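S.K.: Sharing a structure here in C-alpha cells format.
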Amino acid sequence: MGSLHLLSMTFNFHSFLIFSENPTEFKAFYFNETSQLLAHPDYDNNRTTILYGYGYTENFLRKSTQTILRAFIVRGNHNLLVVEWSKYSGGNYYFEAIPNSRAVGEEIGKQLLKMKSIGFNLENFHLIG
C-alpha cells in the first residue's frame with residue numbers, strides 16, 4: 001500500500017483531518033492551526049497536495065468519499081486535504097447548502113493563502129470536488 005497523508009480542512013469549529021494508511025483514522029486540526037498542520041510529521045511539503053471537497057449531503061465517512069480516499073492511499077505519496085463540511089452541506093439545497101458552500105469556499109481560500117504565506121507549496125496543489 002502506498003503512503004498517503006490525508007488532511008481535512010473544515011470550516012471554523014470543524015477540523016483538518018490527517019490520515020496515514022487508514023481513511024477512517026485521523027488527526028484533527030482546526031483552520032486556525034495551519035502552522036501546526038504544516039509542521040505535522042505526516043505532512044510533506046514536497047509531495048503533491050490534493051484538496052478534496054465532497055458534495056451535498058456527504059461526509060468523509062460515506063462510502064463514496066472513502067472510495068476516493070482509498071484510491072489515493074493505494075496511489076500513495078500525497079498529502080490529501082479533505083474539507084469536512086458535513087454540518088454545512090446538508091439541509092435545503094438552495095437555501096442552505098449552496099450559500100454555505102460559498103462561505104466554506106471563501107474560508108478555504110483564506111486558509112490556503114495563509115498556508116502559502118508560511119511555506120505551503122501551491123505549485124503542487126490540486127483541487128478535486
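Naming works like this for the C-alpha cells: A, B, ... for the chains as they're shown, residue 1 at the start of each chain, ligands 1 onward in shown order.
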DSSP on the backbone, then: every residue of region 63-98 of chain A marked strand (DSSP E), written as an MDAnalysis selection string.

M.R.: chainID A and resid 78:83

S.K.: Would you list, as JSON, numbers by chain, the residues of region 60-94 of chain A that end up in alpha helix (DSSP H) under DSSP run on this structure's backbone?

M.R.: {"A": [63, 64, 65, 66, 67, 68, 69, 70, 71, 72, 73, 74, 75, 86, 87, 88, 89]}

S.K.: Got a sec: who's within 10 Å of Pro99 (chain A), counting only C-alpha atoms, leaving out chain neighbours fewer than 6 positions off, as a PyMOL selection string?

M.R.: chain A and resi 88-89+93+105

S.K.: Which is closer to Glu96 (chain A) than all the others in A:Ile128, A:Thr65, A:Tyr56, A:Gly119, using only C-alpha atoms?

M.R.: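 Under the stated criterion, the closest residue is A:Tyr56.
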
S.K.: Report, in Å with one decimal, the straight-line distance from CA of Val83 (chain A) to CA of Ala28 (chain A).

M.R.: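 It comes out at 11.7 Å.
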
S.K.: Env of region 35-37 of chain A: 8 Å cut, atoms = only C-alpha atoms, seq-sep filter 6 positions within chain, self excluded. Answer as a list in words.

M.R.: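 Residues near the query, excluding close chain neighbours: Phe16, Phe29, Tyr43, Met115 and Ile118 of chain A.
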
S.K.: For N, CA, C and O atoms, I'd like the residues from the last selection saved as a PDB file, in the first residue's frame.

M.R.:
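Just written: part-v8.pdb:
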ATOM      1  N   PHE A  16      -9.091  20.069  10.264  1.00  0.00           N
ATOM      2  CA  PHE A  16      -8.296  19.336   9.298  1.00  0.00           C
ATOM      3  C   PHE A  16      -8.170  17.911   9.845  1.00  0.00           C
ATOM      4  O   PHE A  16      -8.027  17.728  11.043  1.00  0.00           O
ATOM      5  N   PHE A  29      -7.109  18.972  12.975  1.00  0.00           N
ATOM      6  CA  PHE A  29      -6.603  20.338  13.144  1.00  0.00           C
ATOM      7  C   PHE A  29      -7.714  21.308  12.780  1.00  0.00           C
ATOM      8  O   PHE A  29      -8.428  21.095  11.813  1.00  0.00           O
ATOM      9  N   TYR A  43       2.917  15.468   7.275  1.00  0.00           N
ATOM     10  CA  TYR A  43       2.812  16.393   6.147  1.00  0.00           C
ATOM     11  C   TYR A  43       4.190  16.572   5.517  1.00  0.00           C
ATOM     12  O   TYR A  43       5.175  16.807   6.201  1.00  0.00           O
ATOM     13  N   MET A 115      -1.693  29.597   4.499  1.00  0.00           N
ATOM     14  CA  MET A 115      -0.731  28.496   4.444  1.00  0.00           C
ATOM     15  C   MET A 115       0.411  28.825   3.481  1.00  0.00           C
ATOM     16  O   MET A 115       1.570  28.538   3.767  1.00  0.00           O
ATOM     17  N   ILE A 118       3.136  30.877   4.948  1.00  0.00           N
ATOM     18  CA  ILE A 118       4.050  30.219   5.890  1.00  0.00           C
ATOM     19  C   ILE A 118       4.756  29.019   5.263  1.00  0.00           C
ATOM     20  O   ILE A 118       5.291  28.172   5.958  1.00  0.00           O
TER      21      ILE A 118
END

S.K.: Would you work out the distance separating CA of Asn124 (chain A) from CA of Arg47 (chain A), expressed in Å to one decimal?

M.R.: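 About the pair CA of Asn124 (chain A) and CA of Arg47 (chain A): they are 7.1 Å apart.
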
S.K.: I'd like the interatomic distance between CA of Leu81 (chain A) and CA of Ser117 (chain A), to a tenth of an Å.

M.R.: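 Computing it gives 17.7 Å between the two atoms.
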
S.K.: Pick the closest to Phe72 (chain A) from A:Gln111, A:Asn100, A:Thr48, A:Asn32: which is it, counting only C-alpha atoms?

M.R.: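 Distance minimum relative to Phe72 (chain A) lands on A:Thr48.
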
S.K.: With only C-alpha atoms as the basis for distance, which of A:Gly90, A:Gly76, A:Pro41, A:Gly109 is at the shortest distance from Tyr54 (chain A)?

M.R.: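 Answer, going by the shortest atom-to-atom distance: A:Gly90.
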
S.K.: Compare A:Lys110, A:Ser64, A:Lys27, A:Ile50 by their minimum atom-to-atom distance to Glu123 (chain A), counting only C-alpha atoms, and give me the closest one.

M.R.: A:Ile50
